[in-house]
Structures are given as C-alpha cells and as structure tokens.
file protein.pdb (PDB, C-alpha atoms)
ATOM      1  CA  MET A  98      84.331 104.245  86.542
ATOM      2  CA  GLU A  99      86.100 106.772  88.732
ATOM      3  CA  ARG A 100      87.786 105.555  91.858
ATOM      4  CA  GLN A 101      85.430 107.576  94.019
ATOM      5  CA  ARG A 102      82.497 105.558  92.692
ATOM      6  CA  LEU A 103      83.758 102.412  94.338
ATOM      7  CA  PHE A 104      83.902 102.864  98.069
ATOM      8  CA  GLY A 105      86.858 105.179  98.620
ATOM      9  CA  PHE A 106      90.357 104.509  99.855
ATOM     10  CA  GLU A 107      89.201 104.021 103.424
ATOM     11  CA  GLY A 108      86.943 101.296 102.099
ATOM     12  CA  PHE A 109      89.933  99.513 100.551
ATOM     13  CA  THR A 110      91.819  99.766 103.832
ATOM     14  CA  ASP A 111      88.897  98.552 105.929
ATOM     15  CA  LEU A 112      88.217  95.678 103.536
ATOM     16  CA  GLY A 113      91.849  94.607 103.721
ATOM     17  CA  LEU A 114      91.820  94.650 107.510
ATOM     18  CA  ARG A 115      88.479  92.847 107.772
ATOM     19  CA  SER A 116      89.580  90.091 105.407
ATOM     20  CA  GLY A 117      91.177  86.865 106.476
ATOM     21  CA  ALA A 118      94.732  86.899 107.759
ATOM     22  CA  GLU A 119      95.985  84.980 104.722
ATOM     23  CA  MET A 120      94.810  87.747 102.373
ATOM     24  CA  ARG A 121      96.697  90.627 103.963
ATOM     25  CA  PRO A 122     100.257  89.470 103.177
ATOM     26  CA  VAL A 123      99.280  88.869  99.549
ATOM     27  CA  LEU A 124      97.736  92.321  99.248
ATOM     28  CA  LEU A 125     100.687  94.099 100.886
ATOM     29  CA  ARG A 126     103.283  92.285  98.771
ATOM     30  CA  VAL A 127     101.424  92.938  95.525
ATOM     31  CA  LEU A 128     100.871  96.625  96.269
ATOM     32  CA  THR A 129     104.497  97.077  97.351
ATOM     33  CA  ASP A 130     105.831  95.315  94.262
ATOM     34  CA  LEU A 131     103.718  97.568  92.064
ATOM     35  CA  TYR A 132     104.657 100.688  94.025
ATOM     36  CA  VAL A 133     108.409 100.194  93.669
ATOM     37  CA  GLN A 134     108.103  99.758  89.909
ATOM     38  CA  ARG A 135     107.974 103.536  89.556
ATOM     39  CA  LEU A 136     110.635 105.963  90.759
ATOM     40  CA  ARG A 137     108.233 108.836  91.242
ATOM     41  CA  HIS A 138     104.750 109.068  92.709
ATOM     42  CA  THR A 139     102.306 111.884  93.267
ATOM     43  CA  ALA A 140     101.630 113.024  96.817
ATOM     44  CA  ASP A 141      98.252 111.253  96.750
ATOM     45  CA  GLU A 142      99.752 107.991  95.504
ATOM     46  CA  GLU A 143     102.410 108.069  98.218
ATOM     47  CA  ARG A 144      99.833 108.894 100.893
ATOM     48  CA  HIS A 145      97.491 106.136  99.750
ATOM     49  CA  TYR A 146     100.227 103.524  99.756
ATOM     50  CA  SER A 147     101.594 104.704 103.124
ATOM     51  CA  GLU A 148      98.212 104.612 104.858
ATOM     52  CA  LEU A 149      97.377 101.140 103.645
ATOM     53  CA  ALA A 150     100.892  99.739 104.149
ATOM     54  CA  LEU A 151     101.199 101.073 107.700
ATOM     55  CA  ARG A 152      97.910  99.514 108.746
ATOM     56  CA  LEU A 153      98.690  96.199 107.068
ATOM     57  CA  LEU A 154     102.195  96.064 108.568
ATOM     58  CA  ASP A 155     100.569  95.897 111.992
ATOM     59  CA  VAL A 156      98.786  92.643 111.144
ATOM     60  CA  VAL A 157     101.049  90.720 108.732
ATOM     61  CA  ASP A 158     103.699  88.170 109.626
ATOM     62  CA  VAL A 159     107.456  88.675 109.895
ATOM     63  CA  PRO A 160     108.380  87.099 106.507
ATOM     64  CA  THR A 161     106.010  89.509 104.784
ATOM     65  CA  ARG A 162     107.518  92.500 106.611
ATOM     66  CA  ILE A 163     111.002  91.338 105.616
ATOM     67  CA  ALA A 164     109.894  91.003 101.982
ATOM     68  CA  VAL A 165     108.423  94.516 102.013
ATOM     69  CA  ALA A 166     111.543  95.981 103.645
ATOM     70  CA  THR A 167     113.769  94.276 101.061
ATOM     71  CA  ARG A 168     111.745  95.722  98.190
ATOM     72  CA  LEU A 169     111.641  99.243  99.616
ATOM     73  CA  ALA A 170     115.382  99.125 100.350
ATOM     74  CA  ARG A 171     116.037  99.090  96.597
ATOM     75  CA  HIS A 172     113.858 102.131  95.941
ATOM     76  CA  LEU A 173     115.455 105.582  95.900
ATOM     77  CA  ALA A 174     112.615 107.394  97.646
ATOM     78  CA  PRO A 175     110.210 105.075  99.459
ATOM     79  CA  PRO A 176     107.591 106.675 101.739
ATOM     80  CA  LEU A 177     109.429 107.859 104.819
ATOM     81  CA  PRO A 178     106.711 106.838 107.347
ATOM     82  CA  VAL A 179     106.782 103.267 106.036
ATOM     83  CA  LEU A 180     110.575 103.260 105.970
ATOM     84  CA  ARG A 181     110.777 104.394 109.601
ATOM     85  CA  ARG A 182     108.137 101.904 110.699
ATOM     86  CA  LEU A 183     110.115  99.015 109.201
ATOM     87  CA  ALA A 184     113.446 100.358 110.453
ATOM     88  CA  GLY A 185     112.052 100.226 114.003
ATOM     89  CA  ASP A 186     110.826  96.654 113.595
ATOM     90  CA  LEU A 187     112.631  93.445 114.522
ATOM     91  CA  PRO A 188     116.344  93.333 113.603
ATOM     92  CA  GLU A 189     115.760  90.906 110.740
ATOM     93  CA  VAL A 190     113.097  93.225 109.284
ATOM     94  CA  ALA A 191     115.158  96.394 109.698
ATOM     95  CA  ALA A 192     118.433  94.929 108.396
ATOM     96  CA  PRO A 193     117.860  95.535 104.639
ATOM     97  CA  LEU A 194     116.972  99.186 105.300
ATOM     98  CA  ARG A 195     119.895 100.249 107.484
ATOM     99  CA  PRO A 196     122.076 101.499 104.572
ATOM    100  CA  HIS A 197     119.247 103.431 102.927
ATOM    101  CA  PRO A 198     120.196 107.115 102.332
ATOM    102  CA  LEU A 199     116.910 108.375 103.797
ATOM    103  CA  LEU A 200     117.755 106.801 107.152
ATOM    104  CA  GLN A 201     121.262 108.202 107.435
ATOM    105  CA  PRO A 202     121.982 111.068 109.876
ATOM    106  CA  PRO A 203     121.857 114.451 108.131
ATOM    107  CA  THR A 204     125.186 115.978 107.139
ATOM    108  CA  SER A 205     126.159 119.207 105.456
ATOM    109  CA  ALA A 206     126.278 117.270 102.202
ATOM    110  CA  ASN A 207     122.803 115.780 102.347
ATOM    111  CA  GLU A 208     120.667 117.804 104.743
ATOM    112  CA  ALA A 209     119.397 120.064 101.965
ATOM    113  CA  ALA A 210     117.880 117.159 100.007
ATOM    114  CA  PRO A 211     116.666 113.672 100.894
ATOM    115  CA  LEU A 212     118.574 112.080  98.007
ATOM    116  CA  SER A 213     122.251 112.214  97.166
ATOM    117  CA  ALA A 214     123.356 113.982  93.992
ATOM    118  CA  ALA A 215     124.031 110.635  92.323
ATOM    119  CA  ALA A 216     120.638 109.303  93.308
ATOM    120  CA  ALA A 217     118.919 112.473  92.162
ATOM    121  CA  GLY A 218     120.692 112.239  88.819
ATOM    122  CA  ALA A 219     119.621 108.633  88.485
ATOM    123  CA  ALA A 220     116.056 109.595  89.285
ATOM    124  CA  ASP A 221     116.149 112.316  86.651
ATOM    125  CA  ASP A 222     117.402 109.785  84.119
ATOM    126  CA  GLY A 223     114.728 107.296  85.145
ATOM    127  CA  VAL A 224     117.129 104.590  86.359
ATOM    128  CA  ASP A 225     118.633 103.635  89.697
ATOM    129  CA  GLY A 226     120.710 100.581  88.879
ATOM    130  CA  GLU A 227     118.346  98.181  90.612
ATOM    131  CA  ASN A 228     114.930  99.685  89.949
ATOM    132  CA  THR A 229     112.971  97.411  87.667
ATOM    133  CA  PHE A 230     110.600  99.834  85.962
ATOM    134  CA  ASP A 231     111.516 101.496  82.690
ATOM    135  CA  LEU A 232     109.816 104.889  82.736
ATOM    136  CA  ALA A 233     110.212 105.259  78.985
ATOM    137  CA  SER A 234     108.622 101.959  78.033
ATOM    138  CA  GLY A 235     106.390 101.400  81.067
ATOM    139  CA  MET A 236     107.422  97.739  81.196
ATOM    140  CA  ILE A 237     107.827  95.683  84.339
ATOM    141  CA  ASP A 238     110.842  93.394  84.471
ATOM    142  CA  ARG A 239     110.215  89.712  83.884
ATOM    143  CA  ALA A 240     111.178  88.480  87.336
ATOM    144  CA  THR A 241     108.828  90.864  89.114
ATOM    145  CA  ALA A 242     106.067  90.219  86.577
ATOM    146  CA  GLY A 243     106.433  86.491  87.145
ATOM    147  CA  GLU A 244     106.158  86.857  90.907
ATOM    148  CA  LEU A 245     103.136  89.143  90.705
ATOM    149  CA  ASN A 246     101.462  86.826  88.218
ATOM    150  CA  GLU A 247     101.985  83.799  90.454
ATOM    151  CA  LEU A 248     100.694  85.690  93.500
ATOM    152  CA  PHE A 249      97.540  86.633  91.634
ATOM    153  CA  PHE A 250      96.819  83.164  90.261
ATOM    154  CA  ALA A 251      97.556  81.529  93.623
ATOM    155  CA  ALA A 252      95.124  83.857  95.413
ATOM    156  CA  ASP A 253      91.546  82.871  96.132
ATOM    157  CA  ALA A 254      88.512  84.788  94.862
ATOM    158  CA  ASN A 255      88.395  87.238  97.787
ATOM    159  CA  GLU A 256      92.110  87.972  97.565
ATOM    160  CA  ARG A 257      91.910  88.543  93.824
ATOM    161  CA  ARG A 258      88.987  90.906  94.203
ATOM    162  CA  LEU A 259      90.809  92.938  96.829
ATOM    163  CA  ILE A 260      93.914  93.147  94.637
ATOM    164  CA  LEU A 261      91.958  94.246  91.584
ATOM    165  CA  LEU A 262      90.005  96.876  93.513
ATOM    166  CA  SER A 263      93.172  98.266  95.122
ATOM    167  CA  VAL A 264      95.991  98.317  92.574
ATOM    168  CA  ASP A 265      94.991 101.418  90.651
ATOM    169  CA  VAL A 266      94.406 103.395  93.853
ATOM    170  CA  VAL A 267      98.033 102.884  94.846
ATOM    171  CA  VAL A 268      99.626 102.685  91.405
ATOM    172  CA  PRO A 269      97.351 104.106  88.696
ATOM    173  CA  ALA A 270      98.200 102.905  85.206
ATOM    174  CA  GLU A 271      99.776 105.595  83.074
ATOM    175  CA  ALA A 272      97.734 106.714  80.106
ATOM    176  CA  GLY A 273      98.631 104.732  77.006
ATOM    177  CA  ARG A 274     101.068 102.541  78.896
ATOM    178  CA  VAL A 275      99.409  99.260  77.944
ATOM    179  CA  GLY A 276      98.710  98.575  74.299
ATOM    180  CA  VAL A 277      95.892  96.183  73.412
ATOM    181  CA  SER A 278      93.920  95.569  70.250
ATOM    182  CA  ARG A 279      91.141  98.028  69.515
ATOM    183  CA  ASP A 280      89.631  95.871  66.780
ATOM    184  CA  PRO A 281      85.855  96.279  67.260
ATOM    185  CA  SER A 282      85.302  92.654  66.249
ATOM    186  CA  ILE A 283      87.374  91.180  69.077
ATOM    187  CA  GLY A 284      84.344  90.776  71.328
ATOM    188  CA  GLN A 285      82.554  88.754  68.645
ATOM    189  CA  ARG A 286      85.622  86.615  68.021
ATOM    190  CA  LEU A 287      86.063  85.791  71.701
ATOM    191  CA  GLU A 288      82.367  85.187  72.234
ATOM    192  CA  ALA A 289      82.182  82.851  69.243
ATOM    193  CA  ALA A 290      85.126  80.831  70.564
ATOM    194  CA  ALA A 291      83.571  80.660  74.036
ATOM    195  CA  LEU A 292      80.114  79.667  72.793
ATOM    196  CA  SER A 293      81.633  76.838  70.766
ATOM    197  CA  ARG A 294      83.841  75.917  73.735
ATOM    198  CA  SER A 295      86.942  76.205  71.580
ATOM    199  CA  HIS A 296      89.537  76.898  74.263
ATOM    200  CA  GLU A 297      92.441  76.936  71.821
ATOM    201  CA  ASP A 298      90.735  79.465  69.567
ATOM    202  CA  PHE A 299      89.805  81.640  72.527
ATOM    203  CA  ALA A 300      93.384  81.575  73.845
ATOM    204  CA  HIS A 301      94.730  82.374  70.368
ATOM    205  CA  GLN A 302      92.418  85.367  69.954
ATOM    206  CA  LEU A 303      93.148  86.560  73.491
ATOM    207  CA  ALA A 304      96.915  86.354  73.007
ATOM    208  CA  LEU A 305      96.658  88.454  69.874
ATOM    209  CA  ALA A 306      94.320  91.007  71.420
ATOM    210  CA  LEU A 307      96.269  91.526  74.659
ATOM    211  CA  HIS A 308      99.737  91.082  73.119
ATOM    212  CA  ILE A 309     100.600  88.367  75.618
ATOM    213  CA  ALA A 310     102.185  84.923  75.320
ATOM    214  CA  ARG A 311      99.928  82.103  74.156
ATOM    215  CA  GLU A 312     100.852  80.147  77.295
ATOM    216  CA  GLN A 313      99.567  82.946  79.497
ATOM    217  CA  ALA A 314      96.373  83.206  77.462
ATOM    218  CA  GLN A 315      95.830  79.463  77.907
ATOM    219  CA  ARG A 316      96.325  79.842  81.643
ATOM    220  CA  ILE A 317      93.661  82.555  81.691
ATOM    221  CA  VAL A 318      91.252  80.250  79.854
ATOM    222  CA  ARG A 319      91.922  77.316  82.194
ATOM    223  CA  ASP A 320      91.545  79.336  85.400
ATOM    224  CA  ASP A 321      88.636  77.928  87.407
ATOM    225  CA  LEU A 322      87.786  81.120  89.302
ATOM    226  CA  GLY A 323      87.315  83.465  86.335
ATOM    227  CA  GLU A 324      88.886  86.773  87.384
ATOM    228  CA  PRO A 325      91.588  86.724  84.658
ATOM    229  CA  VAL A 326      88.887  86.592  81.976
ATOM    230  CA  VAL A 327      87.174  89.564  83.651
ATOM    231  CA  VAL A 328      90.470  91.484  83.612
ATOM    232  CA  ALA A 329      90.929  90.736  79.916
ATOM    233  CA  ALA A 330      87.368  91.798  79.123
ATOM    234  CA  LYS A 331      87.797  95.066  81.017
ATOM    235  CA  ALA A 332      91.096  95.843  79.303
ATOM    236  CA  LEU A 333      89.561  95.168  75.895
ATOM    237  CA  GLY A 334      86.402  97.127  76.674
ATOM    238  CA  LEU A 335      84.035  94.226  76.006
ATOM    239  CA  ALA A 336      80.339  94.776  76.634
ATOM    240  CA  ARG A 337      79.068  93.309  79.885
ATOM    241  CA  ASP A 338      76.545  91.045  78.155
ATOM    242  CA  VAL A 339      79.345  89.629  75.981
ATOM    243  CA  LEU A 340      81.407  88.923  79.093
ATOM    244  CA  TYR A 341      78.401  87.264  80.719
ATOM    245  CA  ARG A 342      78.005  84.808  77.852
ATOM    246  CA  ILE A 343      81.747  84.132  77.774
ATOM    247  CA  LEU A 344      81.706  83.305  81.484
ATOM    248  CA  LEU A 345      78.730  80.985  81.069
ATOM    249  CA  PHE A 346      80.244  78.931  78.254
ATOM    250  CA  LEU A 347      84.039  79.179  78.336
ATOM    251  CA  ASN A 348      84.892  77.259  81.501
ATOM    252  CA  PRO A 349      82.390  74.826  83.076
ATOM    253  CA  ALA A 350      83.951  75.372  86.504
ATOM    254  CA  VAL A 351      82.769  78.988  86.301
ATOM    255  CA  GLY A 352      79.682  78.712  84.114
ATOM    256  CA  HIS A 353      77.994  76.015  86.211
ATOM    257  CA  SER A 354      77.667  78.459  89.120
ATOM    258  CA  VAL A 355      75.165  81.227  88.437
ATOM    259  CA  GLU A 356      76.216  82.903  91.676
ATOM    260  CA  ARG A 357      79.843  82.869  90.548
ATOM    261  CA  VAL A 358      78.994  84.359  87.161
ATOM    262  CA  HIS A 359      76.962  87.130  88.792
ATOM    263  CA  GLY A 360      79.841  87.845  91.184
ATOM    264  CA  LEU A 361      82.323  88.131  88.324
ATOM    265  CA  ALA A 362      79.953  90.395  86.399
ATOM    266  CA  ALA A 363      79.757  92.629  89.479
ATOM    267  CA  LEU A 364      83.552  92.671  89.696
ATOM    268  CA  TYR A 365      83.696  93.774  86.058
ATOM    269  CA  HIS A 366      81.452  96.716  86.958
ATOM    270  CA  GLU A 367      83.441  97.658  90.072
ATOM    271  CA  MET A 368      86.940  97.261  88.641
ATOM    272  CA  THR A 369      88.476 100.239  86.850
ATOM    273  CA  ALA A 370      90.041 100.060  83.415
ATOM    274  CA  ALA A 371      93.285 101.250  85.031
ATOM    275  CA  ALA A 372      93.357  98.219  87.341
ATOM    276  CA  ALA A 373      92.844  95.924  84.359
ATOM    277  CA  ALA A 374      95.644  97.729  82.525
ATOM    278  CA  ASP A 375      97.980  97.117  85.482
ATOM    279  CA  MET A 376      97.326  93.373  85.327
ATOM    280  CA  VAL A 377      97.723  93.264  81.546
ATOM    281  CA  ALA A 378     101.028  95.130  81.880
ATOM    282  CA  ILE A 379     102.212  92.326  84.157
ATOM    283  CA  TRP A 380     101.096  89.691  81.642
ATOM    284  CA  GLN A 381     102.780  91.525  78.778
ATOM    285  CA  ALA A 382     106.076  91.578  80.679
ATOM    286  CA  LEU A 383     106.153  87.799  81.158
ATOM    287  CA  PRO A 384     108.633  85.794  79.054
ATOM    288  CA  ARG A 385     107.329  84.723  75.672
ATOM    289  CA  ASN A 386     108.522  81.399  74.331
ATOM    290  CA  GLU A 387     106.475  82.023  71.256
ATOM    291  CA  ARG A 388     104.767  85.060  69.855
ATOM    292  CA  ALA A 389     101.496  85.172  67.975
ATOM    293  CA  GLU A 390     102.581  86.684  64.693
ATOM    294  CA  VAL A 391      99.241  86.590  62.857
ATOM    295  CA  LYS A 392      97.623  89.986  62.673
ATOM    296  CA  TYR A 393      93.917  90.597  62.925
ATOM    297  CA  GLN A 394      91.975  90.458  59.705
ATOM    298  CA  PRO A 395      88.785  92.424  59.110
ATOM    299  CA  PHE A 396      85.715  90.668  60.423
ATOM    300  CA  ALA A 397      84.377  89.573  57.031
ATOM    301  CA  ARG A 398      80.808  88.605  56.202
ATOM    302  CA  ASP A 399      81.591  84.914  56.075
ATOM    303  CA  SER A 400      83.191  85.172  59.514
ATOM    304  CA  ASP A 401      80.072  86.946  60.758
ATOM    305  CA  ALA A 402      77.878  84.171  59.350
ATOM    306  CA  ARG A 403      79.993  81.478  60.986
ATOM    307  CA  TRP A 404      79.907  83.356  64.292
ATOM    308  CA  ARG A 405      76.123  83.622  64.223
ATOM    309  CA  ALA A 406      75.746  79.930  63.399
ATOM    310  CA  ARG A 407      78.120  78.870  66.166
ATOM    311  CA  ALA A 408      76.428  81.164  68.676
ATOM    312  CA  ALA A 409      72.966  79.836  67.793
ATOM    313  CA  THR A 410      74.077  76.202  68.077
ATOM    314  CA  ALA A 411      75.831  76.759  71.406
ATOM    315  CA  ALA A 412      72.912  78.729  72.824
ATOM    316  CA  GLN A 413      70.542  75.862  72.006
ATOM    317  CA  ARG A 414      72.784  73.412  73.829
ATOM    318  CA  GLY A 415      73.021  75.564  76.927
ATOM    319  CA  PRO A 416      75.433  74.959  79.800
ATOM    320  CA  ALA A 417      76.153  71.332  80.558
ATOM    321  CA  VAL A 418      74.760  69.684  83.677
ATOM    322  CA  PRO A 419      77.080  70.470  86.603
ATOM    323  CA  ARG A 420      79.328  67.665  87.748
ATOM    324  CA  THR A 421      79.934  66.967  91.383
ATOM    325  CA  GLY A 422      83.392  66.957  92.791
ATOM    326  CA  GLY A 423      85.607  69.025  95.020
ATOM    327  CA  ARG A 424      87.334  72.137  93.780
ATOM    328  CA  ARG A 425      88.638  75.319  95.267
ATOM    329  CA  ASN A 426      85.968  77.426  96.902
ATOM    330  CA  ALA A 427      85.197  80.462  94.761
ATOM    331  CA  SER A 428      82.673  82.136  96.995
TER     332      SER A 428
END

call {"tool": "encode", "arguments": {"input": "protein.pdb", "output": "structure tokens"}}
result
Amino acid sequence: MERQRLFGFEGFTDLGLRSGAEMRPVLLRVLTDLYVQRLRHTADEERHYSELALRLLDVVDVPTRIAVATRLARHLAPPLPVLRRLAGDLPEVAAPLRPHPLLQPPTSANEAAPLSAAAAGAADDGVDGENTFDLASGMIDRATAGELNELFFAADANERRLILLSVDVVVPAEAGRVGVSRDPSIGQRLEAAALSRSHEDFAHQLALALHIAREQAQRIVRDDLGEPVVVAAKALGLARDVLYRILLFLNPAVGHSVERVHGLAALYHEMTAAAAADMVAIWQALPRNERAEVKYQPFARDSDARWRARAATAAQRGPAVPRTGGRRNAS
C-alpha cells in the first residue's frame, strides 16, 4: 500500500496530537531515534520529520525534549528548524546542542557550507564517529535497537499503531535492506504451529524466517496485544486470512477478543511493508545469544499432510472459552 492510501502525513501529525499525552513522547523518541540512524535524508523525509517533530515538541515534557536534543546533537546534519527550536528551549534542553557546527556563527571557513570539511568527508564515507547506522550494511547498532525494541513493547495498542503507521513516512526502509525468508511454505508452517498452539514451534519458525534471535521470537509469541505478530506477517508477506487464523489461535489473550483480532487485521491492511521492514531491522540488530542454524527444508508431502491434520483438529476445537481476569487494555 502506498503511503498516500493511508491518510497522509497531516493525518499522522493530527493523530499524534489528538492522542493521549503519554503517547507523544514515545512517538517523538522513536521517530527521532530512527531518523538519526541515517546520515542523509531526502528533502521530503527531512520536511516530514521536521513538521511532526516541531509540533510534538510543543506538547511533550522536558525529559523528552532533552532526549531528542541529545540524539540530534550527535547527528552531522539534523534538520535546522528542529535544531534551532531546541537551541532556544530551556538551558538544560539546549545544552547538548550548543557545540553543534550548524549553530556556530558563520566564518570565512564555514560560511560556504553547513558542514566542516572533516564532517563532509565523514558523511561521504558514511561514518561520523558516533553515528550508529552503517550505510553499507543497513544495520542499527545494538544499543539503539534495544531501546527502540523496549519502547515498542512497552507501548500500549494505540501507541504501537501510531508508531507503525508513522515510521516509514519519516524513515522509509531502503529497498533490500532487510532480508527475510521468501520460502512460500512459511505461512503454512506458522499457521500449523499456531493452530496446534505450539508456541515453541511457532517461535522457532519465526526466528528462522525473520533471521532474528529465538528469544525475540518467543517474546513476539508471548505478547498479549498482538502487533508484533502483525509486523512479522507483513514482513513475510503472509495472506491476511492466514494472519487471521494465527491471531485467533496463537495467543488466547488476543484470540479471545474478536474485536481485537479485527483491529489487528485492519492494522495489517493499513501498515506498509516498509514500516514492517523497519521494525524487523530493529529486531535483527538485537544481540543474539543463540542463532537458529537449521535451514528451511522443502515443504514435503508428509509435512503437508501433517499440517492439514493439525489444522483440521485445531479448527474443530475452536478457541477456548475466555477466562476472566485483569490484563492490559488493548482497545
């Protein structure tokens, strides 16, 4: 789906400003962290980030503004309007930005270009000493990936949706940057594991398909809100009906709520493949204590027979009766 088919950049901005106050700092920090991962941006990318950041800076708290200023201070060429807005903020917000080359008075040595010769050379080489994005490999550094991952999993359903519908507007995923399995049988494998409620098998297959750590795949399976599974399905190009059945059977906390399943299916339709790729890139950059070394095998006839039998048995059972008990609101 093209970005224009959602509701436009103004829609992202308006949604962010209409949302609860607790969502805005999360959104601004995530978008800023993703923005500074790349040394260079197109004019549209810079404009999109600047417009959203400037409006969010007016409504977020001081710690968030300090965090954003600290991140932009390490970037060679952050958007000048955002830089100036933060530099004119409270002293504790402006402090990290004071030494930035773009805020220094023009001299005969630097008035012809916004970056120094050393900085320009570093930009040409794709490194700046502190920048954490490797332009050659497209990988995010582990520390930043860990922070972004924790922010996403700590967010509620509304915050996650806003993040997923915004990230590829500000920082579109580069073509071919994220490698995932293109085995056409992966959807059947994941569905079979979900229908039989085999969480370990599902996590194993997911780790192999997305090239992520098994621990992260298990966290995706255990998540009680469901967006990580939607991200994985989008990145792998699973059919929507396959995703629907996975959501119904994989995690009772999700599958017991028809409204929740419908909402996640709608998110799958709205979210772009580029946004899913951005999240998978974060997951791929996380530390791996163990790697899944087993490669995919062709989906043989006996595997197909077992899958059909498991699917039929699980479908007859149907979702279990919902249990009562408090859990995080997913609406």

call {"tool": "closest_residue", "arguments": {"input": "protein.pdb", "among": "A:Gly185, A:Gly334, A:Pro122, A:Pro178", "to": "Met368 in chain A", "atoms": "all atoms listed in the file"}}
result
A:Gly334

call {"tool": "resolve_selection", "arguments": {"input": "protein.pdb", "expression": "the PyMOL selection byres ((chain A and resi 355) around 12)", "output": "list in words"}}
result
Tyr341, Arg342, Leu344, Leu345, Phe346, Pro349, Ala350, Val351, Gly352, His353, Ser354, Glu356, Arg357, Val358, His359, Gly360, Leu361, Ala362, Pro416, Pro419, Ala427 and Ser428 of chain A

call {"tool": "closest_residue", "arguments": {"input": "protein.pdb", "among": "A:Ile317, A:Leu194, A:Leu322, A:Ile163", "to": "Asn246 in chain A", "atoms": "only C-alpha atoms"}}
result
A:Ile317

call {"tool": "closest_residue", "arguments": {"input": "protein.pdb", "among": "A:Ile379, A:Leu248, A:Asp155, A:Ala304", "to": "Gln134 in chain A", "atoms": "all atoms listed in the file"}}
result
A:Ile379

call {"tool": "atom_distance", "arguments": {"input": "protein.pdb", "atom1": "CA of Arg181 in chain A", "atom2": "CA of Leu169 in chain A"}}
result
11.3 Å

call {"tool": "closest_residue", "arguments": {"input": "protein.pdb", "among": "A:Ser263, A:Gln315, A:Ser278, A:Asn348", "to": "Glu367 in chain A", "atoms": "only C-alpha atoms"}}
result
A:Ser263

call {"tool": "closest_residue", "arguments": {"input": "protein.pdb", "among": "A:Leu154, A:Ser147, A:Leu259, A:Asp375", "to": "Leu124 in chain A", "atoms": "only C-alpha atoms"}}
result
A:Leu259

call {"tool": "residues_around", "arguments": {"input": "protein.pdb", "residues": "Ala314 in chain A", "least_positions_apart": "3", "cutoff": "8 Å", "atoms": "only C-alpha atoms", "output": "PDB file with C-alpha atoms, keeping the file's coordinate frame"}}
result
ATOM      1  CA  ALA A 300      93.384  81.575  73.845  1.00  0.00           C
ATOM      2  CA  HIS A 301      94.730  82.374  70.368  1.00  0.00           C
ATOM      3  CA  LEU A 303      93.148  86.560  73.491  1.00  0.00           C
ATOM      4  CA  ALA A 304      96.915  86.354  73.007  1.00  0.00           C
ATOM      5  CA  ILE A 309     100.600  88.367  75.618  1.00  0.00           C
ATOM      6  CA  ALA A 310     102.185  84.923  75.320  1.00  0.00           C
ATOM      7  CA  ARG A 311      99.928  82.103  74.156  1.00  0.00           C
ATOM      8  CA  ILE A 317      93.661  82.555  81.691  1.00  0.00           C
ATOM      9  CA  VAL A 318      91.252  80.250  79.854  1.00  0.00           C
TER      10      VAL A 318
END

call {"tool": "residues_near_point", "arguments": {"input": "protein.pdb", "point": "(117.6, 103.5, 107.0)", "cutoff": "12 Å", "atoms": "all atoms listed in the file", "output": "ChimeraX atom specification"}}
result
/A:166-167,169-186,190-203,211

call {"tool": "atom_distance", "arguments": {"input": "protein.pdb", "atom1": "CA of Ala254 in chain A", "atom2": "CA of Ala240 in chain A"}}
result
24.2 Å

call {"tool": "atom_distance", "arguments": {"input": "protein.pdb", "atom1": "CA of Ser295 in chain A", "atom2": "CA of Leu347 in chain A"}}
result
7.9 Å

call {"tool": "resolve_selection", "arguments": {"input": "protein.pdb", "expression": "the PyMOL selection byres ((chain A and resi 123) around 10)", "output": "PyMOL selection string"}}
result
chain A and resi 118-122+124-129+157+161+245+248-249+251-252+256-257+259-260

call {"tool": "write_last_selection", "arguments": {"input": "protein.pdb", "atoms": "C-alpha atoms", "output": "compact mmCIF listing (two decimals), in the coordinates of the input"}}
result
# COMPACT_ATOMS: atom_id res chain seq x y z
CA ALA A 118 94.73 86.90 107.76
CA GLU A 119 95.98 84.98 104.72
CA MET A 120 94.81 87.75 102.37
CA ARG A 121 96.70 90.63 103.96
CA PRO A 122 100.26 89.47 103.18
CA LEU A 124 97.74 92.32 99.25
CA LEU A 125 100.69 94.10 100.89
CA ARG A 126 103.28 92.28 98.77
CA VAL A 127 101.42 92.94 95.52
CA LEU A 128 100.87 96.62 96.27
CA THR A 129 104.50 97.08 97.35
CA VAL A 157 101.05 90.72 108.73
CA THR A 161 106.01 89.51 104.78
CA LEU A 245 103.14 89.14 90.70
CA LEU A 248 100.69 85.69 93.50
CA PHE A 249 97.54 86.63 91.63
CA ALA A 251 97.56 81.53 93.62
CA ALA A 252 95.12 83.86 95.41
CA GLU A 256 92.11 87.97 97.56
CA ARG A 257 91.91 88.54 93.82
CA LEU A 259 90.81 92.94 96.83
CA ILE A 260 93.91 93.15 94.64

call {"tool": "closest_residue", "arguments": {"input": "protein.pdb", "among": "A:Ala329, A:Ala290, A:Ala336, A:Ala140", "to": "Val277 in chain A", "atoms": "only C-alpha atoms"}}
result
A:Ala329
